[in-house]
Amino acid sequence: MNLRFHALVAVAFGVALMWAPAQGAEPAKDAGKAAKNWTPPRTPEGQPDFQGYWTNGSYIPLERPKELADKEFFTEAEAVAYEKKKLQEDHSQAANDIHYDNVIWQGERYAKGSPNLRTSIVFDPPDGRLPPLSPQGQKRAAEQAALARDREAAVSAESRSLGERCITWGADGPPMLGSTYNANFQILQNGSSVVILTEMIHAARTIFLDGRPHIAASIRQLAGDSRGHWEGDTLVVDSTNFNDETNFRGPPGSARQDIFSSPELHVIERFTRVNEDTIVYRFTVDDPGTWTRPWSGEMLMRKTKGPIFEYACHEGNYGLPDILEGARRAEKKKAN
């Protein structure tokens, strides 16, 4: 557990009233639309200025629920009802669930509904769902299922998830799919690079704009290697050089967690600031080592109030040793 959580607990009652209005807020009717007579601010180098604090926190799932079939967009009333339902689920924690208080640790100052009215992040394929696994992807899924048994048994620290080990929550992407809470980031830029500083385990992704090539193919990284360029007012980012543990999947409550990408993963992102408070974020994932075809999604990044805070995961990570200790005690009890 991180230091920010303890700070939130200490002030929970003091900020509860401040949170409440935002949680019930309606989606912004103009979110994701270019404002009339609005042009993006410019940096001294003449680039569209994306600098500042943003959030992509959302209740919208990665994949469209099957019962919604081909319904790509909510009505505004449906979007409000959907957010109300998700908030009620957050606030309906069982009295005997003594883990974390969801009202506190999942509470934010901004609405988390569907400001772009989408029913899923994925919009291609048109059914809003991930494509079928390729033969290589099916094999990898079976291997991950076998490893999941070791994770469940807490065989070792290395067998647990990257999040539990304070390595990454995957919120830094690419693609950037948000996190259950602290879905906040800061963008900084100059003429030759853009840096995205993610609050969730405080990762920093540098996107070089100076035309340099990707790093050598033999070098593989969790967040890949990003290179960007401008197409008009849109920042286009090309990312390669991923490894086989990249976590792109999004929050556990809204995205399936059983599939990892392969080193063949290739992500194209497009950032377009359409009004003072909104960046439209679109991406395409192409990974023949996992899926039979590419797939694409869209989210909105909304301006929020800074600063972001250090997610001091390692410093307060009592959970991992407790998990391992509990597993060893359970094994000893079973052996006796």
# chains A, B, ... in the order shown; residues from 1 in each chain; ligands from 1

call {"tool": "residues_around", "arguments": {"residues": "Gln189 (chain A)", "least_positions_apart": "6", "cutoff": "8 Å", "atoms": "only C-alpha atoms", "output": "short mmCIF file (atom, residue, chain, number, x, y, z; two decimals) with N, CA and C atoms, in the first residue's frame"}}
result
data_model
loop_
_atom_site.label_atom_id
_atom_site.label_comp_id
_atom_site.auth_asym_id
_atom_site.auth_seq_id
_atom_site.Cartn_x
_atom_site.Cartn_y
_atom_site.Cartn_z
N ASP A 49 0.44 22.55 -27.62
CA ASP A 49 0.90 22.43 -26.23
C ASP A 49 -0.02 21.48 -25.46
N PHE A 50 0.52 20.31 -25.11
CA PHE A 50 -0.23 19.31 -24.34
C PHE A 50 0.16 19.34 -22.86
N GLN A 51 0.99 20.26 -22.47
CA GLN A 51 1.55 20.23 -21.12
C GLN A 51 0.46 20.49 -20.07
N VAL A 195 7.36 13.97 -22.63
CA VAL A 195 7.47 13.05 -21.50
C VAL A 195 6.10 12.93 -20.84
#

call {"tool": "select_by_dssp", "arguments": {"residues": "region 237-333 of chain A", "states": "helix (DSSP H, G or I)", "output": "list of chain:residue names"}}
result
A:Gly319, A:Leu320, A:Pro321, A:Asp322, A:Ile323, A:Leu324, A:Glu325, A:Gly326, A:Ala327, A:Arg328, A:Arg329, A:Ala330, A:Glu331, A:Lys332, A:Lys333

call {"tool": "write_last_selection", "arguments": {"atoms": "N, CA and C atoms", "output": "short mmCIF file (atom, residue, chain, number, x, y, z; two decimals), in the first residue's frame"}}
result
data_model
loop_
_atom_site.label_atom_id
_atom_site.label_comp_id
_atom_site.auth_asym_id
_atom_site.auth_seq_id
_atom_site.Cartn_x
_atom_site.Cartn_y
_atom_site.Cartn_z
N GLY A 319 2.18 -5.89 1.56
CA GLY A 319 1.31 -6.93 1.04
C GLY A 319 2.06 -8.12 0.51
N LEU A 320 3.13 -7.90 -0.27
CA LEU A 320 3.84 -9.01 -0.90
C LEU A 320 4.46 -9.96 0.12
N PRO A 321 5.25 -9.48 1.11
CA PRO A 321 5.77 -10.43 2.09
C PRO A 321 4.68 -11.11 2.90
N ASP A 322 3.57 -10.40 3.15
CA ASP A 322 2.47 -11.02 3.90
C ASP A 322 1.82 -12.13 3.08
N ILE A 323 1.69 -11.93 1.77
CA ILE A 323 1.13 -12.97 0.89
C ILE A 323 2.00 -14.22 0.94
N LEU A 324 3.32 -14.03 0.82
CA LEU A 324 4.24 -15.17 0.83
C LEU A 324 4.24 -15.86 2.19
N GLU A 325 4.24 -15.07 3.26
CA GLU A 325 4.23 -15.65 4.61
C GLU A 325 2.94 -16.43 4.85
N GLY A 326 1.82 -15.86 4.38
CA GLY A 326 0.54 -16.57 4.55
C GLY A 326 0.51 -17.88 3.80
N ALA A 327 1.08 -17.89 2.59
CA ALA A 327 1.12 -19.11 1.80
C ALA A 327 1.97 -20.19 2.47
N ARG A 328 3.12 -19.79 3.03
CA ARG A 328 4.00 -20.76 3.70
C ARG A 328 3.31 -21.32 4.95
N ARG A 329 2.62 -20.48 5.69
CA ARG A 329 1.92 -20.96 6.88
C ARG A 329 0.79 -21.92 6.50
N ALA A 330 0.09 -21.60 5.40
CA ALA A 330 -0.99 -22.48 4.95
C ALA A 330 -0.44 -23.85 4.54
N GLU A 331 0.73 -23.84 3.87
CA GLU A 331 1.36 -25.10 3.47
C GLU A 331 1.79 -25.90 4.70
N LYS A 332 2.33 -25.21 5.69
CA LYS A 332 2.76 -25.91 6.90
C LYS A 332 1.58 -26.51 7.64
N LYS A 333 0.47 -25.75 7.71
CA LYS A 333 -0.72 -26.25 8.38
C LYS A 333 -1.28 -27.47 7.66
#

call {"tool": "residues_around", "arguments": {"residues": "Asp90 (chain A)", "least_positions_apart": "3", "cutoff": "8 Å", "atoms": "only C-alpha atoms", "output": "number ranges by chain"}}
result
A: 86-87, 93, 102-103, 106

call {"tool": "residues_around", "arguments": {"residues": "Ile215 (chain A)", "least_positions_apart": "5", "cutoff": "12 Å", "atoms": "only C-alpha atoms", "output": "VMD selection string"}}
result
chain A and resid 208 220 to 221 224 to 227 239 to 242

call {"tool": "write_last_selection", "arguments": {"atoms": "N, CA and C atoms", "output": "short mmCIF file (atom, residue, chain, number, x, y, z; two decimals), in the first residue's frame"}}
result
data_model
loop_
_atom_site.label_atom_id
_atom_site.label_comp_id
_atom_site.auth_asym_id
_atom_site.auth_seq_id
_atom_site.Cartn_x
_atom_site.Cartn_y
_atom_site.Cartn_z
N PHE A 208 10.59 10.48 -28.13
CA PHE A 208 11.52 11.35 -28.87
C PHE A 208 10.90 11.80 -30.19
N ARG A 220 14.67 -5.17 -25.38
CA ARG A 220 13.24 -5.28 -25.13
C ARG A 220 12.89 -4.66 -23.78
N GLN A 221 11.76 -3.91 -23.73
CA GLN A 221 11.39 -3.18 -22.53
C GLN A 221 9.90 -3.35 -22.25
N GLY A 224 8.12 -0.73 -24.03
CA GLY A 224 8.54 -0.58 -25.40
C GLY A 224 9.43 0.63 -25.61
N ASP A 225 9.57 1.03 -26.85
CA ASP A 225 10.40 2.16 -27.25
C ASP A 225 9.56 3.06 -28.14
N SER A 226 9.37 4.32 -27.75
CA SER A 226 8.43 5.22 -28.42
C SER A 226 9.14 6.29 -29.23
N ARG A 227 8.64 6.51 -30.44
CA ARG A 227 9.12 7.58 -31.33
C ARG A 227 7.90 8.33 -31.86
N SER A 239 5.36 2.79 -31.26
CA SER A 239 6.07 2.08 -30.18
C SER A 239 6.30 0.62 -30.55
N THR A 240 7.56 0.18 -30.39
CA THR A 240 7.96 -1.20 -30.66
C THR A 240 8.87 -1.66 -29.52
N ASN A 241 9.56 -2.78 -29.72
CA ASN A 241 10.58 -3.29 -28.78
C ASN A 241 10.00 -3.65 -27.41
N PHE A 242 8.82 -4.24 -27.40
CA PHE A 242 8.23 -4.71 -26.15
C PHE A 242 8.80 -6.07 -25.79
#

call {"tool": "residues_around", "arguments": {"residues": "Pro125 (chain A)", "least_positions_apart": "6", "cutoff": "12 Å", "atoms": "only C-alpha atoms", "output": "PDB file with N, CA and C atoms, in the first residue's frame"}}
result
ATOM      1  N   GLU A  63     -13.644  -3.872 -23.351  1.00  0.00           N
ATOM      2  CA  GLU A  63     -14.487  -4.544 -24.333  1.00  0.00           C
ATOM      3  C   GLU A  63     -15.960  -4.275 -24.047  1.00  0.00           C
ATOM      4  N   ARG A  64     -16.756  -4.207 -25.103  1.00  0.00           N
ATOM      5  CA  ARG A  64     -18.183  -3.940 -24.958  1.00  0.00           C
ATOM      6  C   ARG A  64     -18.887  -5.166 -24.369  1.00  0.00           C
ATOM      7  N   ALA A  69     -24.267  -5.718 -27.655  1.00  0.00           N
ATOM      8  CA  ALA A  69     -24.138  -6.111 -29.069  1.00  0.00           C
ATOM      9  C   ALA A  69     -23.439  -5.025 -29.878  1.00  0.00           C
ATOM     10  N   ASP A  70     -24.140  -4.448 -30.870  1.00  0.00           N
ATOM     11  CA  ASP A  70     -23.539  -3.464 -31.766  1.00  0.00           C
ATOM     12  C   ASP A  70     -23.808  -2.028 -31.325  1.00  0.00           C
ATOM     13  N   GLU A  72     -22.690   1.069 -30.140  1.00  0.00           N
ATOM     14  CA  GLU A  72     -21.378   1.696 -29.954  1.00  0.00           C
ATOM     15  C   GLU A  72     -21.414   2.856 -28.966  1.00  0.00           C
ATOM     16  N   PRO A 131     -10.169  -9.178 -30.901  1.00  0.00           N
ATOM     17  CA  PRO A 131     -10.249 -10.257 -31.890  1.00  0.00           C
ATOM     18  C   PRO A 131      -9.853 -11.600 -31.296  1.00  0.00           C
ATOM     19  N   PRO A 132     -10.122 -12.683 -32.005  1.00  0.00           N
ATOM     20  CA  PRO A 132      -9.711 -14.004 -31.503  1.00  0.00           C
ATOM     21  C   PRO A 132      -8.190 -14.097 -31.381  1.00  0.00           C
ATOM     22  N   THR A 284      -3.967   1.998 -31.994  1.00  0.00           N
ATOM     23  CA  THR A 284      -4.145   0.729 -32.692  1.00  0.00           C
ATOM     24  C   THR A 284      -3.070  -0.234 -32.222  1.00  0.00           C
ATOM     25  N   VAL A 285      -3.490  -1.428 -31.834  1.00  0.00           N
ATOM     26  CA  VAL A 285      -2.603  -2.489 -31.370  1.00  0.00           C
ATOM     27  C   VAL A 285      -2.499  -3.550 -32.462  1.00  0.00           C
ATOM     28  N   TRP A 291      -3.008 -11.851 -31.421  1.00  0.00           N
ATOM     29  CA  TRP A 291      -4.340 -11.765 -32.018  1.00  0.00           C
ATOM     30  C   TRP A 291      -4.305 -12.011 -33.520  1.00  0.00           C
ATOM     31  N   THR A 292      -5.466 -12.350 -34.061  1.00  0.00           N
ATOM     32  CA  THR A 292      -5.566 -12.651 -35.488  1.00  0.00           C
ATOM     33  C   THR A 292      -5.616 -11.397 -36.341  1.00  0.00           C
ATOM     34  N   ARG A 293      -5.839 -10.234 -35.742  1.00  0.00           N
ATOM     35  CA  ARG A 293      -5.921  -8.981 -36.494  1.00  0.00           C
ATOM     36  C   ARG A 293      -5.652  -7.818 -35.548  1.00  0.00           C
ATOM     37  N   PRO A 294      -5.304  -6.654 -36.093  1.00  0.00           N
ATOM     38  CA  PRO A 294      -5.149  -5.475 -35.225  1.00  0.00           C
ATOM     39  C   PRO A 294      -6.493  -5.055 -34.631  1.00  0.00           C
ATOM     40  N   TRP A 295      -6.429  -4.260 -33.555  1.00  0.00           N
ATOM     41  CA  TRP A 295      -7.635  -3.693 -32.959  1.00  0.00           C
ATOM     42  C   TRP A 295      -7.346  -2.282 -32.465  1.00  0.00           C
ATOM     43  N   SER A 296      -8.412  -1.470 -32.385  1.00  0.00           N
ATOM     44  CA  SER A 296      -8.242  -0.050 -32.068  1.00  0.00           C
ATOM     45  C   SER A 296      -9.211   0.390 -30.982  1.00  0.00           C
ATOM     46  N   GLY A 297      -8.820   1.447 -30.268  1.00  0.00           N
ATOM     47  CA  GLY A 297      -9.652   1.974 -29.207  1.00  0.00           C
ATOM     48  C   GLY A 297      -9.541   3.480 -29.101  1.00  0.00           C
TER      49      GLY A 297
END

call {"tool": "atom_distance", "arguments": {"atom1": "CA of Lys84 (chain A)", "atom2": "CA of Met176 (chain A)"}}
result
24.5 Å

call {"tool": "residues_around", "arguments": {"residues": "Glu83 (chain A)", "least_positions_apart": "6", "cutoff": "8 Å", "atoms": "only C-alpha atoms", "output": "PyMOL selection string"}}
result
chain A and resi 24+59+112-114

call {"tool": "write_last_selection", "arguments": {"atoms": "N, CA and C atoms", "output": "PDB file, in the first residue's frame"}}
result
ATOM      1  N   GLY A  24     -21.204  12.384  -9.104  1.00  0.00           N
ATOM      2  CA  GLY A  24     -22.524  12.334  -9.702  1.00  0.00           C
ATOM      3  C   GLY A  24     -22.643  13.204 -10.933  1.00  0.00           C
ATOM      4  N   TYR A  59     -14.988   4.436 -16.072  1.00  0.00           N
ATOM      5  CA  TYR A  59     -15.660   3.171 -15.805  1.00  0.00           C
ATOM      6  C   TYR A  59     -15.888   2.362 -17.084  1.00  0.00           C
ATOM      7  N   LYS A 112     -16.221   9.573 -13.651  1.00  0.00           N
ATOM      8  CA  LYS A 112     -15.516   8.480 -14.320  1.00  0.00           C
ATOM      9  C   LYS A 112     -16.443   7.734 -15.277  1.00  0.00           C
ATOM     10  N   GLY A 113     -17.444   8.445 -15.776  1.00  0.00           N
ATOM     11  CA  GLY A 113     -18.406   7.793 -16.656  1.00  0.00           C
ATOM     12  C   GLY A 113     -17.909   7.695 -18.080  1.00  0.00           C
ATOM     13  N   SER A 114     -18.753   8.083 -19.030  1.00  0.00           N
ATOM     14  CA  SER A 114     -18.412   7.973 -20.451  1.00  0.00           C
ATOM     15  C   SER A 114     -18.606   9.326 -21.111  1.00  0.00           C
TER      16      SER A 114
END

call {"tool": "residues_around", "arguments": {"residues": "Leu62 (chain A)", "least_positions_apart": "2", "cutoff": "6 Å", "atoms": "only C-alpha atoms", "output": "compact mmCIF listing (two decimals) with C-alpha atoms, in the first residue's frame"}}
result
# COMPACT_ATOMS: atom_id res chain seq x y z
CA SER A 120 -16.39 0.33 -24.79
CA ILE A 121 -12.87 1.57 -25.37
CA VAL A 122 -12.47 -0.81 -28.32
CA ALA A 255 -10.49 -5.44 -18.61
